[in-house]
>>> print(open('data_8.cif').read())   # mmCIF, C-alpha atoms and all ligand atoms
data_coords
#
loop_
_atom_site.label_atom_id
_atom_site.label_comp_id
_atom_site.auth_asym_id
_atom_site.auth_seq_id
_atom_site.Cartn_x
_atom_site.Cartn_y
_atom_site.Cartn_z
CA MET A 1040 4.42 40.85 -3.35
CA SER A 1041 3.73 38.88 -6.52
CA PHE A 1042 1.17 36.09 -6.64
CA PHE A 1043 3.96 33.56 -7.08
CA ASP A 1044 5.88 34.85 -4.06
CA LYS A 1045 2.75 34.65 -1.98
CA ILE A 1046 2.15 31.05 -2.97
CA ARG A 1047 5.77 30.22 -2.32
CA GLU A 1048 5.82 31.88 1.03
CA GLY A 1049 2.62 30.07 1.94
CA LEU A 1050 4.06 26.76 0.84
CA SER A 1051 7.27 26.94 2.81
CA LYS A 1052 5.38 28.16 5.82
CA THR A 1053 2.85 25.34 5.68
CA LYS A 1054 5.38 22.61 4.97
CA LYS A 1055 6.63 23.14 8.49
CA ASN A 1056 3.60 24.57 10.02
CA ILE A 1057 0.34 23.26 8.74
CA THR A 1058 -0.62 21.72 12.03
CA VAL A 1059 0.46 24.75 14.05
CA GLN A 1060 -1.62 26.97 11.79
CA LEU A 1061 -4.69 24.78 12.10
CA SER A 1062 -4.35 24.51 15.89
CA GLY A 1063 -4.14 28.30 16.08
CA MET A 1064 -7.27 28.66 14.00
CA PHE A 1065 -9.22 26.21 16.11
CA ALA A 1066 -7.99 27.78 19.33
CA ALA A 1067 -9.21 31.20 18.14
CA PHE A 1068 -12.59 29.89 16.94
CA THR A 1069 -15.63 31.27 18.77
CA GLY A 1070 -18.30 30.75 16.15
CA ALA A 1071 -18.83 30.39 12.42
CA ASN A 1072 -17.66 33.23 10.21
CA GLU A 1073 -16.67 33.47 6.58
CA GLU A 1074 -13.08 34.43 7.35
CA PHE A 1075 -12.53 31.23 9.31
CA PHE A 1076 -13.77 29.01 6.48
CA GLU A 1077 -11.73 30.87 3.90
CA GLU A 1078 -8.57 30.57 5.95
CA LEU A 1079 -9.30 26.89 6.53
CA GLU A 1080 -9.75 26.35 2.79
CA GLU A 1081 -6.43 28.01 2.04
CA THR A 1082 -4.62 26.02 4.68
CA LEU A 1083 -6.00 22.70 3.49
CA ILE A 1084 -5.15 23.50 -0.13
CA LEU A 1085 -1.58 24.28 0.93
CA ALA A 1086 -1.57 20.93 2.73
CA ASP A 1087 -2.04 19.30 -0.72
CA LEU A 1088 -5.63 18.18 -0.27
CA GLY A 1089 -6.53 19.57 -3.68
CA ILE A 1090 -9.08 22.26 -4.48
CA GLU A 1091 -12.05 19.98 -5.26
CA THR A 1092 -11.58 17.86 -2.18
CA VAL A 1093 -11.12 20.92 0.03
CA ASP A 1094 -14.29 22.45 -1.44
CA LYS A 1095 -16.18 19.31 -0.63
CA ALA A 1096 -14.81 18.98 2.92
CA VAL A 1097 -15.28 22.62 3.83
CA SER A 1098 -18.81 22.82 2.44
CA GLN A 1099 -19.71 19.78 4.53
CA LEU A 1100 -18.13 21.51 7.51
CA ARG A 1101 -20.11 24.71 6.89
CA GLU A 1102 -23.26 22.63 6.79
CA VAL A 1103 -22.57 20.82 10.09
CA THR A 1104 -21.45 24.05 11.73
CA ARG A 1105 -24.67 25.78 10.71
CA ARG A 1106 -26.75 22.84 11.91
CA GLU A 1107 -24.93 22.38 15.22
CA GLY A 1108 -24.12 26.03 15.91
CA PHE A 1109 -20.56 25.28 17.05
CA THR A 1110 -18.91 27.89 19.24
CA LYS A 1111 -15.95 25.83 20.46
CA GLY A 1112 -12.81 25.13 18.48
CA GLU A 1113 -12.64 21.55 19.68
CA ASP A 1114 -16.15 20.83 18.35
CA ILE A 1115 -15.49 22.15 14.87
CA GLU A 1116 -12.10 20.44 14.84
CA LYS A 1117 -13.71 17.12 15.70
CA ALA A 1118 -16.32 17.66 12.97
CA LEU A 1119 -13.60 18.36 10.42
CA GLU A 1120 -11.71 15.28 11.54
CA ASP A 1121 -14.85 13.17 10.97
CA ILE A 1122 -15.32 14.64 7.50
CA LEU A 1123 -11.67 14.06 6.55
CA ALA A 1124 -11.66 10.51 7.90
CA ASN A 1125 -14.81 9.82 5.86
CA LEU A 1126 -13.17 11.11 2.68
CA LEU A 1127 -10.37 8.59 3.18
CA ASP A 1128 -12.71 5.75 3.96
CA VAL A 1129 -13.41 4.62 0.38
CA GLY A 1130 -12.84 0.89 0.70
CA ASP A 1131 -11.16 -1.87 2.64
CA SER A 1132 -7.67 -0.86 3.70
CA ALA A 1133 -6.59 -4.47 4.30
CA LEU A 1134 -4.86 -6.33 1.48
CA ARG A 1135 -7.00 -9.09 0.05
CA LEU A 1136 -4.74 -12.10 -0.48
CA THR A 1137 -6.82 -15.19 0.19
CA THR A 1138 -5.81 -17.44 -2.72
CA THR A 1139 -2.63 -19.50 -3.05
CA PRO A 1140 -0.86 -17.98 -4.74
CA SER A 1141 -1.97 -14.37 -4.52
CA VAL A 1142 -0.27 -11.57 -6.41
CA ILE A 1143 0.83 -8.09 -5.40
CA LEU A 1144 1.79 -5.91 -8.37
CA VAL A 1145 3.60 -2.74 -7.30
CA VAL A 1146 3.54 0.29 -9.60
CA GLY A 1147 4.52 3.95 -9.42
CA VAL A 1148 7.01 6.45 -10.78
CA ASN A 1149 10.75 6.21 -10.23
CA GLY A 1150 12.08 6.77 -6.72
CA VAL A 1151 8.81 6.69 -4.79
CA GLY A 1152 9.76 3.58 -2.82
CA LYS A 1153 8.36 0.61 -4.75
CA THR A 1154 11.31 -1.74 -4.27
CA THR A 1155 11.72 -0.76 -0.62
CA THR A 1156 8.02 -1.39 0.02
CA ILE A 1157 8.30 -4.80 -1.66
CA GLY A 1158 11.25 -5.67 0.57
CA LYS A 1159 9.30 -4.68 3.67
CA LEU A 1160 6.28 -6.71 2.51
CA ALA A 1161 8.48 -9.74 1.77
CA LEU A 1162 9.83 -9.66 5.32
CA LYS A 1163 6.40 -9.18 6.82
CA TYR A 1164 4.93 -12.18 4.99
CA LYS A 1165 7.98 -14.35 5.60
CA ASN A 1166 7.65 -13.57 9.30
CA GLU A 1167 4.04 -14.73 9.09
CA GLY A 1168 5.30 -18.05 7.75
CA LYS A 1169 4.35 -17.46 4.12
CA LYS A 1170 6.37 -18.57 1.13
CA VAL A 1171 7.15 -15.42 -0.84
CA LEU A 1172 8.45 -15.07 -4.38
CA LEU A 1173 9.68 -11.75 -5.76
CA CYS A 1174 9.64 -10.91 -9.49
CA ALA A 1175 12.19 -8.35 -10.63
CA GLY A 1176 9.94 -6.67 -13.20
CA ASP A 1177 12.00 -3.47 -13.22
CA THR A 1178 14.43 -4.47 -15.94
CA PHE A 1179 15.36 -0.92 -16.81
CA ARG A 1180 18.69 -1.07 -14.98
CA ALA A 1181 20.59 -4.06 -13.59
CA ALA A 1182 20.82 -2.20 -10.26
CA ALA A 1183 17.05 -2.49 -9.81
CA ALA A 1184 17.18 -6.29 -9.80
CA GLU A 1185 20.26 -6.13 -7.55
CA GLN A 1186 18.40 -4.04 -5.02
CA LEU A 1187 15.50 -6.50 -5.02
CA THR A 1188 17.94 -9.42 -4.67
CA VAL A 1189 19.36 -7.85 -1.50
CA TRP A 1190 15.84 -7.69 -0.06
CA ALA A 1191 15.21 -11.30 -1.13
CA GLN A 1192 18.36 -12.43 0.70
CA ARG A 1193 17.49 -10.41 3.75
CA SER A 1194 13.97 -11.80 3.95
CA GLY A 1195 14.58 -15.34 2.71
CA ALA A 1196 12.16 -14.85 -0.18
CA ASP A 1197 12.74 -16.46 -3.58
CA ILE A 1198 13.45 -14.20 -6.52
CA VAL A 1199 13.05 -14.50 -10.27
CA ARG A 1200 15.06 -12.05 -12.35
CA HIS A 1201 16.20 -11.68 -15.95
CA GLY A 1202 18.93 -9.56 -17.48
CA GLU A 1203 18.85 -5.80 -17.95
CA GLY A 1204 16.45 -4.74 -20.70
CA ALA A 1205 14.42 -7.97 -20.61
CA ASP A 1206 10.67 -7.90 -21.20
CA PRO A 1207 9.08 -7.34 -17.77
CA ALA A 1208 6.03 -9.40 -18.74
CA ALA A 1209 8.35 -12.34 -19.43
CA VAL A 1210 9.89 -11.97 -15.96
CA ILE A 1211 6.42 -12.01 -14.42
CA PHE A 1212 5.49 -15.03 -16.55
CA ASP A 1213 8.54 -16.95 -15.29
CA GLY A 1214 7.89 -15.78 -11.74
CA ILE A 1215 4.36 -17.16 -11.83
CA ALA A 1216 5.60 -20.48 -13.25
CA ALA A 1217 8.24 -20.70 -10.50
CA ALA A 1218 5.67 -19.80 -7.84
CA LYS A 1219 3.37 -22.59 -9.04
CA ALA A 1220 6.22 -25.10 -9.15
CA ARG A 1221 7.49 -24.17 -5.67
CA GLY A 1222 4.10 -23.67 -4.05
CA ALA A 1223 4.59 -20.00 -3.19
CA ASP A 1224 1.82 -18.23 -1.26
CA ILE A 1225 2.49 -14.68 -2.37
CA ILE A 1226 4.09 -13.36 -5.55
CA ILE A 1227 5.25 -9.74 -5.34
CA CYS A 1228 6.10 -8.06 -8.65
CA ASP A 1229 8.32 -5.02 -8.98
CA THR A 1230 7.93 -2.78 -12.04
CA ALA A 1231 9.83 0.07 -13.65
CA GLY A 1232 8.73 3.63 -13.04
CA ARG A 1233 10.87 5.27 -15.64
CA LEU A 1234 8.54 5.14 -18.59
CA HIS A 1235 7.79 8.79 -18.95
CA ASN A 1236 5.91 8.16 -22.12
CA LYS A 1237 2.40 7.42 -20.99
CA SER A 1238 1.51 5.01 -23.77
CA ASN A 1239 4.66 2.94 -23.11
CA LEU A 1240 3.69 2.70 -19.50
CA MET A 1241 0.14 1.71 -20.40
CA ASN A 1242 1.34 -0.97 -22.77
CA GLU A 1243 3.84 -2.45 -20.38
CA LEU A 1244 1.49 -2.53 -17.42
CA SER A 1245 -1.44 -3.90 -19.36
CA LYS A 1246 0.78 -6.59 -20.84
CA ILE A 1247 1.87 -7.59 -17.33
CA SER A 1248 -1.77 -7.56 -16.25
CA ARG A 1249 -2.80 -9.86 -19.10
CA VAL A 1250 -0.05 -12.32 -18.21
CA ILE A 1251 -1.23 -12.45 -14.59
CA ASP A 1252 -4.88 -12.85 -15.65
CA ARG A 1253 -4.05 -15.60 -18.08
CA GLU A 1254 -1.62 -17.54 -15.87
CA LEU A 1255 -3.48 -17.11 -12.60
CA PRO A 1256 -7.18 -16.80 -13.38
CA GLY A 1257 -9.18 -16.30 -10.20
CA ALA A 1258 -6.17 -15.47 -8.04
CA ASP A 1259 -6.46 -12.53 -5.66
CA ARG A 1260 -4.46 -9.62 -6.93
CA GLU A 1261 -3.60 -6.29 -5.35
CA THR A 1262 -2.22 -3.62 -7.63
CA LEU A 1263 -0.63 -1.09 -5.32
CA LEU A 1264 0.32 2.39 -6.46
CA VAL A 1265 3.18 3.83 -4.44
CA ILE A 1266 3.01 7.59 -3.88
CA ASP A 1267 5.73 9.67 -2.25
CA ALA A 1268 4.15 11.84 0.47
CA THR A 1269 6.32 14.77 -0.56
CA THR A 1270 5.04 14.74 -4.15
CA GLY A 1271 2.23 17.26 -3.80
CA GLN A 1272 -0.49 17.66 -6.40
CA ASN A 1273 1.48 15.75 -9.01
CA GLY A 1274 0.52 12.63 -7.06
CA LEU A 1275 -3.06 13.01 -8.21
CA ILE A 1276 -1.99 13.08 -11.86
CA GLN A 1277 0.19 10.01 -11.32
CA ALA A 1278 -2.68 8.20 -9.63
CA SER A 1279 -5.19 8.85 -12.39
CA GLN A 1280 -2.72 7.71 -15.06
CA PHE A 1281 -1.78 4.54 -13.21
CA LYS A 1282 -5.40 3.82 -12.40
CA GLU A 1283 -6.17 3.94 -16.09
CA ALA A 1284 -3.15 1.83 -17.05
CA ALA A 1285 -3.13 -0.77 -14.31
CA GLY A 1286 -6.44 -0.62 -12.44
CA ILE A 1287 -4.99 0.10 -9.01
CA THR A 1288 -6.67 -1.47 -5.97
CA GLY A 1289 -4.83 0.46 -3.30
CA LEU A 1290 -2.31 3.15 -2.44
CA VAL A 1291 0.91 2.99 -0.48
CA LEU A 1292 2.01 6.35 0.90
CA THR A 1293 5.76 6.44 1.53
CA LYS A 1294 8.21 8.84 3.20
CA LEU A 1295 5.73 9.99 5.75
CA ASP A 1296 8.64 10.14 8.19
CA GLY A 1297 9.76 13.37 6.49
CA THR A 1298 8.17 16.78 6.76
CA ALA A 1299 5.21 16.01 4.49
CA LYS A 1300 1.88 15.16 6.03
CA GLY A 1301 0.62 13.32 2.95
CA GLY A 1302 -2.38 15.56 2.31
CA ILE A 1303 -2.34 14.39 -1.30
CA VAL A 1304 -3.92 11.04 -0.35
CA PHE A 1305 -7.13 12.81 0.64
CA ALA A 1306 -7.35 14.14 -2.91
CA ILE A 1307 -6.50 10.76 -4.45
CA ALA A 1308 -8.81 8.69 -2.27
CA ASP A 1309 -11.65 11.14 -2.77
CA ARG A 1310 -11.28 11.83 -6.48
CA LEU A 1311 -10.35 8.31 -7.61
CA GLN A 1312 -12.10 6.31 -4.90
CA VAL A 1313 -9.06 4.15 -4.21
CA PRO A 1314 -8.27 3.31 -0.57
CA VAL A 1315 -4.89 3.84 1.05
CA LYS A 1316 -3.62 0.48 2.35
CA LEU A 1317 -0.10 0.97 3.66
CA VAL A 1318 2.14 3.75 4.88
CA GLY A 1319 5.95 3.87 4.72
CA VAL A 1320 7.63 5.72 7.56
CA GLY A 1321 11.29 5.00 6.94
CA GLU A 1322 13.78 2.76 5.19
CA LYS A 1323 13.95 -0.07 7.71
CA PRO A 1324 11.99 -3.32 7.28
CA GLU A 1325 9.65 -2.52 10.16
CA ASP A 1326 8.84 0.93 8.77
CA LEU A 1327 5.66 -0.15 7.01
CA ILE A 1328 2.37 0.30 8.79
CA GLU A 1329 -1.22 -0.52 8.00
CA PHE A 1330 -3.29 2.50 7.16
CA ASP A 1331 -6.04 3.80 9.38
CA ALA A 1332 -8.23 6.64 8.07
CA ARG A 1333 -9.16 8.01 11.48
CA THR A 1334 -5.60 8.14 12.81
CA PHE A 1335 -4.43 9.72 9.58
CA ALA A 1336 -7.07 12.48 9.65
CA GLU A 1337 -6.17 13.15 13.27
CA ALA A 1338 -2.48 13.40 12.43
CA LEU A 1339 -3.15 16.01 9.76
CA LEU A 1340 -4.96 18.23 12.23
CA ARG A 1341 -2.88 17.74 15.36
N1 LIG A 1401 12.57 8.16 4.53
C1 LIG A 1401 12.03 7.20 3.76
N2 LIG A 1401 12.68 6.77 2.67
C2 LIG A 1401 12.11 5.81 1.92
C3 LIG A 1401 10.85 5.25 2.23
N3 LIG A 1401 10.55 4.33 1.27
C4 LIG A 1401 11.60 4.33 0.41
N4 LIG A 1401 12.53 5.22 0.79
C5 LIG A 1401 13.81 5.55 0.10
O1 LIG A 1401 13.51 6.14 -1.15
C6 LIG A 1401 14.51 5.81 -2.11
C7 LIG A 1401 13.88 5.18 -3.34
O2 LIG A 1401 13.30 3.94 -2.97
P1 LIG A 1401 13.10 2.75 -4.00
O3 LIG A 1401 12.41 1.66 -3.25
O4 LIG A 1401 14.38 2.39 -4.67
O5 LIG A 1401 12.10 3.42 -5.06
P2 LIG A 1401 11.56 2.85 -6.46
O6 LIG A 1401 12.35 3.53 -7.53
O7 LIG A 1401 10.12 3.25 -6.50
O8 LIG A 1401 11.74 1.37 -6.43
C8 LIG A 1401 15.47 4.87 -1.40
O9 LIG A 1401 16.57 5.61 -0.95
C9 LIG A 1401 14.65 4.34 -0.22
O10 LIG A 1401 15.45 3.94 0.86
C10 LIG A 1401 10.16 5.75 3.42
O11 LIG A 1401 9.04 5.34 3.78
N5 LIG A 1401 10.79 6.72 4.14
MG MG A 1402 12.73 0.14 -7.73
#
>>> encode(input="data_8.cif", output="structure tokens", more="lines below")
Ligand SMILES: Nc1nc2c(ncn2[C@@H]2O[C@H](COP(=O)(O)OP(=O)(O)O)[C@@H](O)[C@H]2O)c(=O)[nH]1
Ligand SMILES: [Mg+2]
Amino acid sequence: MSFFDKIREGLSKTKKNITVQLSGMFAAFTGANEEFFEELEETLILADLGIETVDKAVSQLREVTRREGFTKGEDIEKALEDILANLLDVGDSALRLTTTPSVILVVGVNGVGKTTTIGKLALKYKNEGKKVLLCAGDTFRAAAAEQLTVWAQRSGADIVRHGEGADPAAVIFDGIAAAKARGADIIICDTAGRLHNKSNLMNELSKISRVIDRELPGADRETLLVIDATTGQNGLIQASQFKEAAGITGLVLTKLDGTAKGGIVFAIADRLQVPVKLVGVGEKPEDLIEFDARTFAEALLR
């Protein structure tokens, strides 16, 4: 069997079966041996945790195992769960929105779930009695602003939009002015994810950033990068590019209701030191949950 076939076979097997495989390994564990750690490494890499992060986690696990002399699967499993939860625990997972107004800027590549997440957030804050204003900063297609308008109507949030092809920074500028005039509590800005040229993306996002800094100095701002749980290792590349361009403060992991277990966020949180803040588990308004590192680590293993 070729190397490629082996990888592929491993991938399709783990997509469905990562947890089953891990449970089997823990059930069969009777004491530390090299084969166990190697198999664990492979399994975690196939779960998208990324080679560096897996190296780090498994070497910590070897160390604890040596120190504690584990002979029971449940003990080593618990130790791994602690290590994985720690890797994810790189900062506050709550959104910091204490000023009036505060800003949430939502970034990420096309199709990951930015607009949907904004709609869910708009409903959540409206339900908490906040005045929410949405900025349709994805001006790439008219349909993008339409989609956001539907969410605005559904949630009772205000919306500021321009025509197709307008300068997104100008939309954000107008949105901020409207938010000030109307006394909005939270401004949520959508952006386009279709700029495959990295320097275009950089320019657009940094221009938006400058507008927010200039118009709302001192306001709390969350810049959330939305990552699709099914993305795999490409998510890490996206995250480092967006971190550079927009200075992300948190991650939103979407589509966790599918088959993917979202292993990529371990790699992103660990390598870039950005905390996960929210998780999307479906398309309905209530399908947005606050992230908890411990629960997430548990879910990967069980
Ligand atoms: N199953 C599932 N689908 C989602 C989730 N979040 C978004 N979607 C869907 O993913 C597709 C793209 O979402 P959209 O918000 O338009 O992505 P954008 O291009 O980043 O704005 C839509 O069909 C959404 O309904 C999620 O958490 N779970
Ligand atoms: Mg969108």
>>> closest_atom_pairs(input="data_8.cif", of="chain A", to="ligand MG 1402 (chain A)", cutoff="8 Å", atoms="only C-alpha atoms and all ligand atoms", output="JSON lines")
{"residue": "A:Asn1149", "atom": "CA", "partner": "A:MG1402", "partner_atom": "MG", "distance": 6.9}
{"residue": "A:Gly1150", "atom": "CA", "partner": "A:MG1402", "partner_atom": "MG", "distance": 6.7}
{"residue": "A:Gly1152", "atom": "CA", "partner": "A:MG1402", "partner_atom": "MG", "distance": 6.7}
{"residue": "A:Lys1153", "atom": "CA", "partner": "A:MG1402", "partner_atom": "MG", "distance": 5.3}
{"residue": "A:Thr1154", "atom": "CA", "partner": "A:MG1402", "partner_atom": "MG", "distance": 4.2}
{"residue": "A:Thr1155", "atom": "CA", "partner": "A:MG1402", "partner_atom": "MG", "distance": 7.2}
{"residue": "A:Asp1177", "atom": "CA", "partner": "A:MG1402", "partner_atom": "MG", "distance": 6.6}
{"residue": "A:Ala1183", "atom": "CA", "partner": "A:MG1402", "partner_atom": "MG", "distance": 5.5}
{"residue": "A:Gln1186", "atom": "CA", "partner": "A:MG1402", "partner_atom": "MG", "distance": 7.5}
{"residue": "A:Leu1187", "atom": "CA", "partner": "A:MG1402", "partner_atom": "MG", "distance": 7.7}
{"residue": "A:Asp1229", "atom": "CA", "partner": "A:MG1402", "partner_atom": "MG", "distance": 6.9}
{"residue": "A:Thr1230", "atom": "CA", "partner": "A:MG1402", "partner_atom": "MG", "distance": 7.1}
{"residue": "A:Ala1231", "atom": "CA", "partner": "A:MG1402", "partner_atom": "MG", "distance": 6.6}
{"residue": "A:Gly1232", "atom": "CA", "partner": "A:MG1402", "partner_atom": "MG", "distance": 7.5}
>>> closest_residue(input="data_8.cif", among="A:Ala1299, A:Ala1205, A:Val1320, A:Val1315", to="Val1265 in chain A", atoms="only C-alpha atoms")
A:Val1315
>>> closest_residue(input="data_8.cif", among="A:Val1291, A:Leu1127, A:Val1171, A:Val1210", to="Thr1139 in chain A", atoms="all atoms listed in the file")
A:Val1171
>>> closest_residue(input="data_8.cif", among="A:Leu1173, A:Leu1290, A:Ala1268, A:Val1129", to="ligand LIG 1401 (chain A)", atoms="only C-alpha atoms and all ligand atoms")
A:Ala1268
>>> atom_distance(input="data_8.cif", atom1="CA of Ala1278 in chain A", atom2="CA of Glu1078 in chain A")
27.9 Å
>>> closest_residue(input="data_8.cif", among="A:Thr1270, A:Ser1245, A:Thr1188, A:Thr1156", to="ligand LIG 1401 (chain A)", atoms="only C-alpha atoms and all ligand atoms")
A:Thr1156
>>> residues_around(input="data_8.cif", residues="Leu1162 in chain A", least_positions_apart="4", cutoff="7 Å", atoms="only C-alpha atoms", output="PDB file with C-alpha atoms, in the frame of the given file")
ATOM      1  CA  GLY A1158      11.250  -5.670   0.570  1.00  0.00           C
ATOM      2  CA  ASN A1166       7.650 -13.570   9.300  1.00  0.00           C
ATOM      3  CA  SER A1194      13.970 -11.800   3.950  1.00  0.00           C
ATOM      4  CA  PRO A1324      11.990  -3.320   7.280  1.00  0.00           C
TER       5      PRO A1324
END
>>> atom_distance(input="data_8.cif", atom1="CA of Cys1228 in chain A", atom2="CA of Gly1271 in chain A")
26.1 Å
>>> residues_around(input="data_8.cif", residues="Glu1243 in chain A", least_positions_apart="2", cutoff="9 Å", atoms="all atoms listed in the file", output="list in words")
Asp1206, Pro1207, Ala1208, Ser1238, Asn1239, Leu1240, Met1241, Ser1245, Lys1246, Ile1247, Ser1248 and Ala1284 of chain A
>>> closest_residue(input="data_8.cif", among="A:Gly1089, A:Gly1130, A:Gly1257, A:Gly1204", to="Val1304 in chain A", atoms="all atoms listed in the file")
A:Gly1089
>>> residues_around(input="data_8.cif", residues="Gln1280 in chain A", least_positions_apart="3", cutoff="12 Å", atoms="all atoms listed in the file", output="NGL selection string")
:A and (1146-1148 or 1235-1241 or 1244 or 1264 or 1273-1277 or 1283-1287 or 1307 or 1311)
>>> write_last_selection(input="data_8.cif", atoms="C-alpha atoms", output="PDB file, in the coordinates of the input")
ATOM      1  CA  VAL A1146       3.540   0.290  -9.600  1.00  0.00           C
ATOM      2  CA  GLY A1147       4.520   3.950  -9.420  1.00  0.00           C
ATOM      3  CA  VAL A1148       7.010   6.450 -10.780  1.00  0.00           C
ATOM      4  CA  HIS A1235       7.790   8.790 -18.950  1.00  0.00           C
ATOM      5  CA  ASN A1236       5.910   8.160 -22.120  1.00  0.00           C
ATOM      6  CA  LYS A1237       2.400   7.420 -20.990  1.00  0.00           C
ATOM      7  CA  SER A1238       1.510   5.010 -23.770  1.00  0.00           C
ATOM      8  CA  ASN A1239       4.660   2.940 -23.110  1.00  0.00           C
ATOM      9  CA  LEU A1240       3.690   2.700 -19.500  1.00  0.00           C
ATOM     10  CA  MET A1241       0.140   1.710 -20.400  1.00  0.00           C
ATOM     11  CA  LEU A1244       1.490  -2.530 -17.420  1.00  0.00           C
ATOM     12  CA  LEU A1264       0.320   2.390  -6.460  1.00  0.00           C
ATOM     13  CA  ASN A1273       1.480  15.750  -9.010  1.00  0.00           C
ATOM     14  CA  GLY A1274       0.520  12.630  -7.060  1.00  0.00           C
ATOM     15  CA  LEU A1275      -3.060  13.010  -8.210  1.00  0.00           C
ATOM     16  CA  ILE A1276      -1.990  13.080 -11.860  1.00  0.00           C
ATOM     17  CA  GLN A1277       0.190  10.010 -11.320  1.00  0.00           C
ATOM     18  CA  GLU A1283      -6.170   3.940 -16.090  1.00  0.00           C
ATOM     19  CA  ALA A1284      -3.150   1.830 -17.050  1.00  0.00           C
ATOM     20  CA  ALA A1285      -3.130  -0.770 -14.310  1.00  0.00           C
ATOM     21  CA  GLY A1286      -6.440  -0.620 -12.440  1.00  0.00           C
ATOM     22  CA  ILE A1287      -4.990   0.100  -9.010  1.00  0.00           C
ATOM     23  CA  ILE A1307      -6.500  10.760  -4.450  1.00  0.00           C
ATOM     24  CA  LEU A1311     -10.350   8.310  -7.610  1.00  0.00           C
TER      25      LEU A1311
END
>>> axis_aligned_box(input="data_8.cif", around="ligand LIG 1401 (chain A)", padding_each_side="8 Å", output="AutoDock Vina command-line options")
--center_x 12.8 --center_y 4.8 --center_z -1.5 --size_x 23.5 --size_y 22.8 --size_z 28.1
>>> closest_residue(input="data_8.cif", among="A:Ala1308, A:Ala1175, A:Leu1263, A:Val1142", to="Ile1226 in chain A", atoms="all atoms listed in the file")
A:Val1142
>>> residues_around(input="data_8.cif", residues="Ile1303 in chain A", least_positions_apart="3", cutoff="6 Å", atoms="all atoms listed in the file", output="PyMOL selection string")
chain A and resi 1087-1088+1271+1306
>>> residues_around(input="data_8.cif", residues="Asp1213 in chain A", least_positions_apart="4", cutoff="9 Å", atoms="only C-alpha atoms", output="PyMOL selection string")
chain A and resi 1174+1199-1200+1208-1209+1217-1218
>>> residues_near_point(input="data_8.cif", point="(-1.2, 22.3, 14.4)", cutoff="12 Å", atoms="only C-alpha atoms", output="NGL selection string")
:A and (1053-1066 or 1082-1083 or 1086 or 1116 or 1300 or 1337-1341)
>>> residues_near_point(input="data_8.cif", point="(-3.1, -17.2, -9.9)", cutoff="9 Å", atoms="all atoms listed in the file", output="list in words")
Thr1138, Thr1139, Pro1140, Ser1141, Val1142, Ile1215, Lys1219, Ile1251, Asp1252, Arg1253, Glu1254, Leu1255, Pro1256, Gly1257, Ala1258, Asp1259 and Arg1260 of chain A
>>> atom_distance(input="data_8.cif", atom1="atom C3 of ligand LIG 1401 (chain A)", atom2="CA of Lys1159 in chain A")
10.2 Å
